[in-house]
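Structure data follow from start-v9.txt (compact mmCIF, C-alpha atoms and all ligand atoms):
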```txt
# COMPACT_ATOMS: atom_id res chain seq x y z
CA MET A 1 77.11 91.73 103.11
CA SER A 2 75.41 94.45 101.12
CA ASN A 3 76.14 94.80 97.41
CA SER A 4 78.25 97.89 98.03
CA GLN A 5 80.47 96.16 100.58
CA VAL A 6 83.75 94.60 99.52
CA LYS A 7 85.71 92.24 101.74
CA ILE A 8 89.45 92.80 101.60
CA VAL A 9 91.58 89.74 102.35
CA GLU A 10 94.96 91.11 103.34
CA VAL A 11 97.70 88.70 102.31
CA GLY A 12 100.75 90.94 102.80
CA PRO A 13 102.08 89.25 105.96
CA ARG A 14 102.04 85.91 104.12
CA ASP A 15 102.15 86.36 100.32
CA GLY A 16 104.19 89.55 100.72
CA LEU A 17 106.68 88.54 103.37
CA GLN A 18 107.19 84.98 102.06
CA ASN A 19 109.33 86.63 99.41
CA GLU A 20 111.41 88.85 101.70
CA GLN A 21 114.61 87.66 103.31
CA SER A 22 115.14 87.85 107.08
CA VAL A 23 112.25 90.05 108.17
CA PRO A 24 112.48 90.42 111.98
CA LEU A 25 109.67 88.78 113.94
CA LYS A 26 108.91 92.13 115.58
CA ALA A 27 108.29 93.75 112.18
CA LYS A 28 105.90 90.95 111.14
CA VAL A 29 103.95 91.23 114.38
CA GLN A 30 103.80 95.01 114.16
CA LEU A 31 102.48 94.76 110.59
CA VAL A 32 99.65 92.37 111.50
CA ASN A 33 98.65 94.53 114.47
CA ALA A 34 98.77 97.74 112.40
CA LEU A 35 96.58 96.19 109.68
CA ALA A 36 93.98 95.14 112.25
CA ALA A 37 94.07 98.65 113.74
CA ALA A 38 93.40 100.06 110.25
CA GLY A 39 90.15 98.08 110.07
CA VAL A 40 91.27 95.07 108.04
CA THR A 41 89.10 92.15 109.16
CA TYR A 42 90.85 89.23 107.44
CA ILE A 43 94.62 88.86 107.64
CA GLU A 44 96.55 85.94 106.19
CA THR A 45 99.13 85.99 108.94
CA GLY A 46 101.57 83.24 107.96
CA SER A 47 102.01 79.81 106.47
CA PHE A 48 102.85 76.36 107.80
CA VAL A 49 104.79 74.95 104.88
CA SER A 50 108.13 73.17 104.70
CA PRO A 51 110.81 75.54 106.05
CA LYS A 52 113.17 74.02 103.46
CA TRP A 53 110.86 75.31 100.73
CA VAL A 54 109.99 78.71 102.19
CA PRO A 55 112.32 79.58 105.10
CA GLN A 56 110.84 83.10 105.26
CA MET A 57 107.67 81.68 106.86
CA ALA A 58 109.46 79.39 109.35
CA ASP A 59 108.58 81.68 112.27
CA SER A 60 104.81 81.74 111.60
CA ALA A 61 104.03 80.04 114.91
CA GLU A 62 105.92 82.80 116.73
CA VAL A 63 104.02 85.44 114.75
CA PHE A 64 100.67 83.90 115.74
CA ALA A 65 101.82 83.71 119.38
CA ALA A 66 102.93 87.35 119.51
CA ILE A 67 100.14 89.25 117.71
CA GLU A 68 97.33 90.96 119.59
CA ARG A 69 94.08 89.19 118.76
CA ASN A 70 91.32 91.54 117.74
CA ALA A 71 87.91 89.86 118.16
CA GLY A 72 86.61 91.17 114.81
CA VAL A 73 89.56 89.89 112.81
CA THR A 74 90.18 86.49 111.20
CA TYR A 75 93.85 85.48 111.39
CA ALA A 76 94.39 82.80 108.74
CA ALA A 77 97.24 80.52 107.69
CA LEU A 78 98.29 78.65 104.56
CA THR A 79 98.51 74.86 105.09
CA PRO A 80 99.51 72.49 102.25
CA ASN A 81 99.03 69.25 104.17
CA LEU A 82 98.01 67.69 107.48
CA LYS A 83 101.35 68.53 109.08
CA GLY A 84 100.78 72.19 108.24
CA PHE A 85 97.19 72.02 109.44
CA GLU A 86 98.25 70.59 112.80
CA ALA A 87 100.89 73.30 113.20
CA ALA A 88 98.29 75.96 112.33
CA MET A 89 95.92 74.57 114.96
CA ALA A 90 98.69 74.51 117.57
CA ALA A 91 99.27 78.19 116.72
CA THR A 92 95.49 78.81 117.05
CA ALA A 93 94.96 80.10 113.53
CA ASP A 94 91.27 81.01 113.00
CA GLU A 95 91.11 79.62 109.48
CA VAL A 96 93.33 77.78 107.03
CA ALA A 97 93.85 77.87 103.28
CA ILE A 98 94.89 75.07 100.98
CA PHE A 99 96.50 75.98 97.69
CA GLY A 100 96.15 74.18 94.39
CA SER A 101 96.89 75.21 90.84
CA ALA A 102 95.12 75.34 87.50
CA SER A 103 98.39 74.32 85.82
CA GLU A 104 100.35 71.10 86.21
CA GLY A 105 103.70 72.86 85.83
CA PHE A 106 103.14 75.25 88.72
CA SER A 107 101.63 72.53 90.90
CA GLN A 108 104.84 70.49 90.54
CA LYS A 109 107.15 73.43 91.19
CA ASN A 110 105.17 74.89 94.09
CA ILE A 111 103.97 71.87 96.03
CA ASN A 112 105.90 69.02 94.39
CA CYS A 113 102.93 67.02 93.11
CA SER A 114 100.37 66.88 90.31
CA ILE A 115 96.97 68.58 90.50
CA ALA A 116 95.29 65.21 91.13
CA GLU A 117 97.78 64.34 93.90
CA SER A 118 97.30 67.77 95.48
CA LEU A 119 93.52 67.29 95.63
CA ALA A 120 94.06 63.91 97.31
CA ARG A 121 96.44 65.54 99.84
CA PHE A 122 93.88 68.24 100.63
CA GLU A 123 91.18 65.69 101.53
CA PRO A 124 92.56 64.88 105.01
CA VAL A 125 93.17 68.58 105.69
CA ILE A 126 89.55 69.41 104.89
CA GLU A 127 88.38 66.43 106.95
CA ALA A 128 90.47 67.45 109.96
CA ALA A 129 89.28 71.04 109.61
CA ARG A 130 85.65 69.91 109.50
CA LYS A 131 86.13 67.97 112.75
CA ALA A 132 87.82 70.98 114.37
CA ASN A 133 85.11 73.34 113.07
CA ILE A 134 87.67 75.37 111.13
CA LYS A 135 86.83 77.02 107.81
CA VAL A 136 89.00 76.21 104.80
CA ARG A 137 89.71 78.61 101.97
CA GLY A 138 90.97 77.26 98.64
CA TYR A 139 93.39 78.91 96.26
CA VAL A 140 93.69 78.19 92.57
CA SER A 141 96.97 79.55 91.17
CA CYS A 142 97.87 80.48 87.60
CA VAL A 143 94.28 81.26 86.60
CA LEU A 144 95.38 83.68 83.86
CA GLY A 145 98.66 82.10 82.84
CA CYS A 146 101.47 79.91 84.12
CA PRO A 147 105.22 80.57 84.08
CA TYR A 148 105.79 76.94 83.01
CA ASP A 149 102.70 75.94 80.99
CA GLY A 150 101.73 79.27 79.39
CA GLU A 151 98.05 79.99 78.65
CA ILE A 152 95.46 78.34 80.89
CA ALA A 153 91.91 77.71 79.65
CA PRO A 154 89.12 79.22 81.79
CA GLU A 155 87.44 75.77 81.81
CA GLN A 156 90.53 74.28 83.47
CA VAL A 157 90.39 76.95 86.19
CA ALA A 158 86.67 76.29 86.64
CA TRP A 159 87.33 72.54 86.94
CA VAL A 160 89.87 72.93 89.77
CA ALA A 161 87.79 75.62 91.51
CA GLU A 162 84.71 73.39 91.45
CA LYS A 163 86.72 70.47 92.86
CA LEU A 164 87.95 72.56 95.81
CA TYR A 165 84.47 73.96 96.39
CA THR A 166 82.72 70.58 96.37
CA MET A 167 85.45 69.18 98.63
CA GLY A 168 84.42 71.75 101.24
CA CYS A 169 86.28 75.03 100.71
CA TYR A 170 83.88 77.86 101.58
CA GLU A 171 85.65 80.34 99.32
CA ILE A 172 87.81 79.95 96.23
CA SER A 173 90.47 82.55 95.60
CA LEU A 174 91.49 82.89 91.97
CA GLY A 175 95.18 83.69 91.70
CA ASP A 176 96.80 85.47 88.79
CA THR A 177 100.10 84.37 90.27
CA ILE A 178 102.32 86.05 87.67
CA GLY A 179 100.08 89.03 86.99
CA VAL A 180 99.77 88.51 83.25
CA GLY A 181 95.98 88.85 82.96
CA THR A 182 94.13 91.62 81.16
CA PRO A 183 90.54 92.80 81.82
CA LEU A 184 88.61 90.85 79.18
CA LYS A 185 90.45 87.61 79.96
CA ALA A 186 89.90 88.17 83.69
CA GLN A 187 86.16 88.63 83.08
CA GLN A 188 85.96 85.51 80.90
CA MET A 189 87.84 83.43 83.47
CA LEU A 190 85.64 84.68 86.34
CA ALA A 191 82.45 84.08 84.33
CA ALA A 192 83.57 80.51 83.53
CA VAL A 193 84.30 79.76 87.19
CA ALA A 194 81.02 81.37 88.32
CA GLU A 195 79.15 78.78 86.24
CA LYS A 196 80.50 76.15 88.65
CA VAL A 197 80.93 78.01 91.96
CA PRO A 198 78.56 80.75 93.24
CA MET A 199 79.98 84.25 92.72
CA GLU A 200 79.56 85.01 96.46
CA GLN A 201 82.07 82.24 97.15
CA LEU A 202 84.74 83.61 94.79
CA ALA A 203 87.65 85.96 95.45
CA LEU A 204 90.16 87.66 93.15
CA HIS A 205 93.85 87.34 93.99
CA PHE A 206 95.71 89.35 91.39
CA HIS A 207 99.44 90.03 91.36
CA ASN A 208 100.46 93.26 89.67
CA THR A 209 103.51 92.18 87.67
CA TYR A 210 102.30 93.76 84.42
CA GLY A 211 100.43 96.64 86.11
CA GLN A 212 97.04 95.23 85.12
CA ALA A 213 95.61 94.14 88.46
CA LEU A 214 93.56 97.25 89.27
CA ALA A 215 92.03 97.27 85.77
CA ASN A 216 91.30 93.56 86.04
CA ILE A 217 89.58 94.00 89.42
CA ALA A 218 87.54 96.98 88.15
CA SER A 219 86.43 94.94 85.15
CA CYS A 220 85.32 92.02 87.36
CA LEU A 221 83.33 94.02 89.96
CA PRO A 222 80.27 94.40 87.67
CA LEU A 223 80.12 90.59 87.42
CA GLY A 224 79.35 90.57 91.16
CA VAL A 225 82.59 89.50 92.85
CA ARG A 226 82.93 91.17 96.27
CA THR A 227 86.06 89.64 97.84
CA ILE A 228 89.50 90.87 96.83
CA ASP A 229 92.91 89.69 98.06
CA THR A 230 95.52 92.43 98.33
CA ALA A 231 98.89 93.07 99.98
CA VAL A 232 99.66 96.30 101.78
CA ALA A 233 102.34 98.33 99.95
CA GLY A 234 102.15 95.78 97.11
CA LEU A 235 104.55 93.54 99.02
CA GLY A 236 105.87 90.29 97.71
CA GLY A 237 105.70 87.79 94.93
CA CYS A 238 105.96 84.02 94.76
CA PRO A 239 109.17 82.05 95.32
CA TYR A 240 108.07 79.52 92.67
CA ALA A 241 107.05 82.03 89.99
CA LYS A 242 110.24 83.77 88.87
CA GLY A 243 109.80 87.47 88.18
CA ALA A 244 106.32 87.62 89.73
CA SER A 245 105.89 90.80 91.73
CA GLY A 246 103.59 91.45 94.66
CA ASN A 247 99.84 91.43 94.91
CA ILE A 248 98.03 94.60 93.95
CA ALA A 249 98.53 97.05 96.82
CA THR A 250 95.74 97.18 99.39
CA GLU A 251 95.99 101.00 99.46
CA ASP A 252 95.32 101.23 95.69
CA VAL A 253 92.35 98.86 95.80
CA VAL A 254 90.82 100.54 98.86
CA TYR A 255 91.23 104.00 97.28
CA MET A 256 89.63 102.81 94.03
CA LEU A 257 86.76 101.04 95.79
CA HIS A 258 85.97 104.01 98.04
CA GLY A 259 86.04 106.27 94.98
CA MET A 260 83.53 103.95 93.27
CA GLY A 261 81.19 104.06 96.28
CA TYR A 262 82.08 100.68 97.78
CA ASP A 263 82.63 100.28 101.51
CA THR A 264 85.60 98.31 102.86
CA GLY A 265 85.58 99.37 106.52
CA ILE A 266 89.28 100.24 106.18
CA ASP A 267 90.84 103.55 107.25
CA LEU A 268 93.09 104.48 104.32
CA THR A 269 95.36 106.78 106.34
CA ARG A 270 96.11 104.11 108.93
CA LEU A 271 96.57 101.53 106.17
CA ILE A 272 99.14 103.73 104.42
CA SER A 273 100.95 104.16 107.70
CA ALA A 274 101.04 100.35 108.22
CA GLY A 275 102.54 99.97 104.73
CA GLN A 276 105.06 102.75 105.32
CA THR A 277 106.32 101.14 108.53
CA ILE A 278 106.88 97.68 107.03
CA CYS A 279 108.58 99.27 104.00
CA GLN A 280 110.92 101.19 106.30
CA ASP A 281 111.70 97.90 108.06
CA LEU A 282 112.47 96.33 104.67
CA GLY A 283 114.37 99.33 103.32
CA GLN A 284 111.93 99.67 100.39
CA GLN A 285 109.49 102.19 98.95
CA PRO A 286 105.78 101.19 99.08
CA ARG A 287 104.74 99.79 95.67
CA SER A 288 101.43 101.61 95.95
CA ASN A 289 100.72 104.70 93.87
CA VAL A 290 98.17 105.87 96.41
CA ALA A 291 100.63 105.52 99.31
CA GLN A 292 103.37 107.32 97.36
CA ALA A 293 101.02 110.18 96.43
CA GLU A 294 99.72 110.58 99.97
CA ILE A 295 103.19 110.41 101.53
CA ALA A 296 104.47 113.04 99.07
CA LYS A 297 101.67 115.51 100.00
P1 LIG A 301 107.66 67.55 99.72
O1 LIG A 301 109.14 67.67 99.82
O2 LIG A 301 107.06 66.87 98.52
O3 LIG A 301 106.97 66.92 101.02
O4 LIG A 301 107.05 69.01 99.81
P2 LIG A 301 107.31 65.81 102.02
O5 LIG A 301 106.02 65.43 102.65
O6 LIG A 301 108.16 64.75 101.37
O7 LIG A 301 108.19 66.54 103.14
C1 LIG A 301 109.51 66.99 102.92
C2 LIG A 301 110.04 67.63 104.21
O8 LIG A 301 109.25 68.78 104.55
C3 LIG A 301 109.94 66.69 105.42
O9 LIG A 301 111.00 67.07 106.30
C4 LIG A 301 108.62 67.09 106.04
O10 LIG A 301 108.56 66.80 107.42
C5 LIG A 301 108.63 68.59 105.82
P3 LIG A 301 112.36 66.19 106.37
O11 LIG A 301 111.91 64.81 106.73
O12 LIG A 301 112.97 66.28 104.99
O13 LIG A 301 113.14 66.90 107.43
N1 LIG A 301 107.26 69.15 105.76
C6 LIG A 301 106.85 70.18 106.51
N2 LIG A 301 107.45 70.92 107.45
C7 LIG A 301 106.69 71.90 108.01
N3 LIG A 301 105.40 72.14 107.70
C8 LIG A 301 104.78 71.41 106.76
C9 LIG A 301 105.51 70.37 106.13
N4 LIG A 301 105.19 69.48 105.17
C10 LIG A 301 106.27 68.73 104.96
N5 LIG A 301 103.51 71.67 106.44
C11 LIG A 301 105.33 70.54 100.46
C12 LIG A 301 105.66 69.24 99.75
C13 LIG A 301 103.89 70.91 100.09
C14 LIG A 301 105.48 70.37 101.95
C15 LIG A 301 106.33 71.63 99.96
O14 LIG A 301 106.34 71.60 98.57
C16 LIG A 301 105.99 72.99 100.44
O15 LIG A 301 106.08 73.28 101.63
N6 LIG A 301 105.59 73.87 99.53
C17 LIG A 301 105.15 75.21 99.90
C18 LIG A 301 105.39 76.15 98.81
C19 LIG A 301 104.88 77.52 99.19
O16 LIG A 301 104.66 77.83 100.34
N7 LIG A 301 104.72 78.36 98.15
C20 LIG A 301 104.25 79.70 98.33
C21 LIG A 301 102.82 79.76 98.69
S1 LIG A 301 101.69 79.48 97.34
C22 LIG A 301 101.50 81.03 96.62
O17 LIG A 301 102.19 81.95 96.96
C23 LIG A 301 100.38 81.22 95.62
C24 LIG A 301 99.17 81.92 96.25
O18 LIG A 301 99.53 83.18 96.78
C25 LIG A 301 98.09 82.12 95.20
C26 LIG A 301 98.59 82.79 93.92
O19 LIG A 301 99.21 83.86 93.98
O20 LIG A 301 98.31 82.22 92.88
C27 LIG A 301 98.56 81.09 97.37
MG MG A 302 99.75 85.02 95.61
```
Would you put the structure from the file into structure tokens?
Amino acid sequence: MSNSQVKIVEVGPRDGLQNEQSVPLKAKVQLVNALAAAGVTYIETGSFVSPKWVPQMADSAEVFAAIERNAGVTYAALTPNLKGFEAAMAATADEVAIFGSASEGFSQKNINCSIAESLARFEPVIEAARKANIKVRGYVSCVLGCPYDGEIAPEQVAWVAEKLYTMGCYEISLGDTIGVGTPLKAQQMLAAVAEKVPMEQLALHFHNTYGQALANIASCLPLGVRTIDTAVAGLGGCPYAKGASGNIATEDVVYMLHGMGYDTGIDLTRLISAGQTICQDLGQQPRSNVAQAEIAK
């Protein structure tokens, strides 16, 4: 990947739709296909978690079965444990992601165990993935603040990120789950993690609750990070982080990156159209300034 290329990891179908009630299967499938058609090459398509915890994702196997598979696209799934991993393999997910937290409070609320217990639970998932030749991505949540524990030290984020990396995750995605970060803090956190995990193996996953995500991403690009998680139309939030809004909108990040001379391989017009369709299905307006401006033209 050249220095001017940025990889967009589209998490809308998972992080976005996990927060929306009763989205029809057809709308989920149409969204994934439309994103691939827009040139998105990595799509987090669903999650294999307990349906009692997140019923919105209970039909992920059906989504995987119904989407058109584009050879250039990675269709990934979130898997908290071996049961989830096995379900993801049965659904022929290309990659899986495990998800830990930099804060104890969020770890308990989100996956019902401590950070140490979560790392122990991820071991067999990573081992099974290694045997199946499946790549594992690792999330660290609450990297810039926790709804339960408050401020999180950059060193704590770096500690968890390093653990996941040395356990075998090829990429660590740093989640500002409740979107409270600001540019300088985002830079300091990223710099602290990059002392433990190579920058090329890091991704930013910023929610936009306080409207800071685009500024935070722009401030981190000069440090060398080139993988950004986004959700089309700014969909979503997190069921275990009250008040958290969606990820920064893919349209806004792509527009900014193209304006700065970065290449994403994504067709902005088709991306906006994908966001518009899912928002019509949900009865919402896209939470993307770029989409709103372009639609209003
Ligand atoms: P638990 O209750 O401690 O686990 O939940 P358990 O092993 O005792 O299982 C309880 C029940 O769930 C059992 O069923 C299991 O079979 C079932 P029962 O016997 O009661 O009928 N179960 C499952 N079913 C389907 N698939 C599975 C699975 N595992 C257990 N994989 C557990 C622990 C981790 C399962 C639960 O807490 C859970 O599913 N949590 C998921 C929470 C979640 O999905 N949160 C949102 C995603 S994370 C996020 O959004 C943040 C991120 O975007 C980054 C950021 O923004 O920071 C990634
Ligand atoms: Mg998230």
- What is the CA of Gly72 in chain A-CA of Asn33 in chain A distance in Å, reported with one decimal?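 Answer for the CA of Gly72 in chain A to CA of Asn33 in chain A separation: 12.5 Å.
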- Query: Residues at most 8 Å from Gly234 in chain A, counting all atoms listed in the file, excluding those fewer than 6 positions away in the same chain, as number ranges by chain?
  - Reply: A: 12, 16, 246-250, 286-288
- State, in Å with one decimal place, the distance from atom C21 of ligand LIG 301 (chain A) to CA of Leu174 in chain A.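 Value for the atom C21 of ligand LIG 301 (chain A)-CA of Leu174 in chain A distance: 13.5 Å.
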- Any idea what the distance is between atom O8 of ligand LIG 301 (chain A) and CA of Trp53 in chain A?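 About the pair atom O8 of ligand LIG 301 (chain A) and CA of Trp53 in chain A: they are 7.7 Å apart.
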- Task: Determine, counting all atoms listed in the file, which protein, DNA and RNA residues have an atom within 12 Å of an atom of Leu164 in chain A; residues of the same chain fewer than 3 positions away are not included. Present the result as a ChimeraX atom specification.
- Result: /A:97-102,115-116,118-123,125-126,136-140,157-161,167-174,193,196-197,201-202
- Protein and nucleic acid residues within 8 Å of ligand MG 302 (chain A) (all atoms listed in the file) as a list in words: Val11, Asp15, Ser141, Gly175, Asp176, Thr177, His205, Phe206, His207, Gly237, Cys238, Gly246 and Asn247 of chain A
- Query: Which polymer residues have any atom within 9 Å of an atom of Met189 in chain A, counting all atoms listed in the file, with same-chain residues fewer than 5 positions away left out, as a list in words?
  - Reply: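 With the cut-off at 9 Å, the set is Val143, Leu144, Ala153, Pro154, Glu155, Val157, Ala158, Leu184 and Ala194 of chain A.
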Around the point (103.9, 95.7, 113.0), in the coordinates given by the file, pick out the residues reaching within 10 Å, counting all atoms listed in the file, and return them as a PDB file with C-alpha atoms, in the coordinates of the input.
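Contents of the output file point.pdb:
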```
ATOM      1  CA  PRO A  13     102.080  89.250 105.960  1.00  0.00           C
ATOM      2  CA  LEU A  25     109.670  88.780 113.940  1.00  0.00           C
ATOM      3  CA  LYS A  26     108.910  92.130 115.580  1.00  0.00           C
ATOM      4  CA  ALA A  27     108.290  93.750 112.180  1.00  0.00           C
ATOM      5  CA  LYS A  28     105.900  90.950 111.140  1.00  0.00           C
ATOM      6  CA  VAL A  29     103.950  91.230 114.380  1.00  0.00           C
ATOM      7  CA  GLN A  30     103.800  95.010 114.160  1.00  0.00           C
ATOM      8  CA  LEU A  31     102.480  94.760 110.590  1.00  0.00           C
ATOM      9  CA  VAL A  32      99.650  92.370 111.500  1.00  0.00           C
ATOM     10  CA  ASN A  33      98.650  94.530 114.470  1.00  0.00           C
ATOM     11  CA  ALA A  34      98.770  97.740 112.400  1.00  0.00           C
ATOM     12  CA  LEU A  35      96.580  96.190 109.680  1.00  0.00           C
ATOM     13  CA  ALA A  36      93.980  95.140 112.250  1.00  0.00           C
ATOM     14  CA  ILE A  67     100.140  89.250 117.710  1.00  0.00           C
ATOM     15  CA  ALA A 274     101.040 100.350 108.220  1.00  0.00           C
ATOM     16  CA  GLY A 275     102.540  99.970 104.730  1.00  0.00           C
ATOM     17  CA  THR A 277     106.320 101.140 108.530  1.00  0.00           C
ATOM     18  CA  ILE A 278     106.880  97.680 107.030  1.00  0.00           C
ATOM     19  CA  ASP A 281     111.700  97.900 108.060  1.00  0.00           C
TER      20      ASP A 281
END
```
List as an mmCIF file with C-alpha atoms, keeping the file's coordinate frame the protein and nucleic acid residues near Val96 in chain A, meaning an atom at most 6 Å away when only C-alpha atoms are counted, but skip any in the same chain fewer than 2 places from it.
```
data_model
loop_
_atom_site.group_PDB
_atom_site.id
_atom_site.type_symbol
_atom_site.label_atom_id
_atom_site.label_comp_id
_atom_site.auth_asym_id
_atom_site.auth_seq_id
_atom_site.Cartn_x
_atom_site.Cartn_y
_atom_site.Cartn_z
ATOM 1 C CA ALA A 76 94.390 82.800 108.740
ATOM 2 C CA ALA A 77 97.240 80.520 107.690
ATOM 3 C CA LEU A 78 98.290 78.650 104.560
ATOM 4 C CA VAL A 136 89.000 76.210 104.800
#
```
- Using only C-alpha atoms, which residue out of A:Ser60, A:Gln284, A:Met256, A:Cys113 lies closest to Ala215 in chain A?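 When distances to Ala215 in chain A are compared using only C-alpha atoms, the smallest one comes from A:Met256.
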Give, as lines of an AutoDock Vina configuration file, the centre coordinates and the x, y and z edge lengths in Å to one decimal for an axis-aligned box around all listed atoms of range 25-28 of chain A, padded by 5 Å on each side.
```
center_x = 107.8
center_y = 91.3
center_z = 113.4
size_x = 13.8
size_y = 15.0
size_z = 14.4
```
- Top pick for closest residue to ligand LIG 301 (chain A), considering A:Pro51, A:Gly211, A:Gly261, A:Pro183 and counting all atoms listed in the file: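 Among A:Pro51, A:Gly211, A:Gly261, A:Pro183, it is A:Pro51 that comes nearest to ligand LIG 301 (chain A).
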Take range 96-109 of chain A, bring it up to N, CA and C atoms, and give me the output as an mmCIF file, in the coordinates of the input.
```cif
data_model
loop_
_atom_site.group_PDB
_atom_site.id
_atom_site.type_symbol
_atom_site.label_atom_id
_atom_site.label_comp_id
_atom_site.auth_asym_id
_atom_site.auth_seq_id
_atom_site.Cartn_x
_atom_site.Cartn_y
_atom_site.Cartn_z
ATOM 1 N N VAL A 96 92.176 78.209 107.836
ATOM 2 C CA VAL A 96 93.330 77.780 107.030
ATOM 3 C C VAL A 96 92.991 77.897 105.547
ATOM 4 N N ALA A 97 94.036 77.877 104.732
ATOM 5 C CA ALA A 97 93.850 77.870 103.280
ATOM 6 C C ALA A 97 94.718 76.784 102.677
ATOM 7 N N ILE A 98 94.118 76.023 101.766
ATOM 8 C CA ILE A 98 94.890 75.070 100.980
ATOM 9 C C ILE A 98 95.141 75.716 99.624
ATOM 10 N N PHE A 99 96.183 75.284 98.945
ATOM 11 C CA PHE A 99 96.500 75.980 97.690
ATOM 12 C C PHE A 99 96.847 75.004 96.584
ATOM 13 N N GLY A 100 95.965 75.000 95.576
ATOM 14 C CA GLY A 100 96.150 74.180 94.390
ATOM 15 C C GLY A 100 96.455 75.068 93.197
ATOM 16 N N SER A 101 96.527 74.455 92.043
ATOM 17 C CA SER A 101 96.890 75.210 90.840
ATOM 18 C C SER A 101 96.039 74.761 89.662
ATOM 19 N N ALA A 102 95.812 75.703 88.740
ATOM 20 C CA ALA A 102 95.120 75.340 87.500
ATOM 21 C C ALA A 102 96.106 74.759 86.492
ATOM 22 N N SER A 103 97.400 74.848 86.772
ATOM 23 C CA SER A 103 98.390 74.320 85.820
ATOM 24 C C SER A 103 99.240 73.241 86.488
ATOM 25 N N GLU A 104 99.535 72.210 85.707
ATOM 26 C CA GLU A 104 100.350 71.100 86.210
ATOM 27 C C GLU A 104 101.770 71.573 86.528
ATOM 28 N N GLY A 105 102.312 72.410 85.649
ATOM 29 C CA GLY A 105 103.700 72.860 85.830
ATOM 30 C C GLY A 105 103.896 73.566 87.153
ATOM 31 N N PHE A 106 102.999 74.489 87.464
ATOM 32 C CA PHE A 106 103.140 75.250 88.720
ATOM 33 C C PHE A 106 102.862 74.362 89.928
ATOM 34 N N SER A 107 101.921 73.439 89.804
ATOM 35 C CA SER A 107 101.630 72.530 90.900
ATOM 36 C C SER A 107 102.911 71.766 91.287
ATOM 37 N N GLN A 108 103.599 71.237 90.285
ATOM 38 C CA GLN A 108 104.840 70.490 90.540
ATOM 39 C C GLN A 108 105.889 71.372 91.198
ATOM 40 N N LYS A 109 106.077 72.575 90.673
ATOM 41 C CA LYS A 109 107.150 73.430 91.190
ATOM 42 C C LYS A 109 106.820 73.966 92.575
#
```
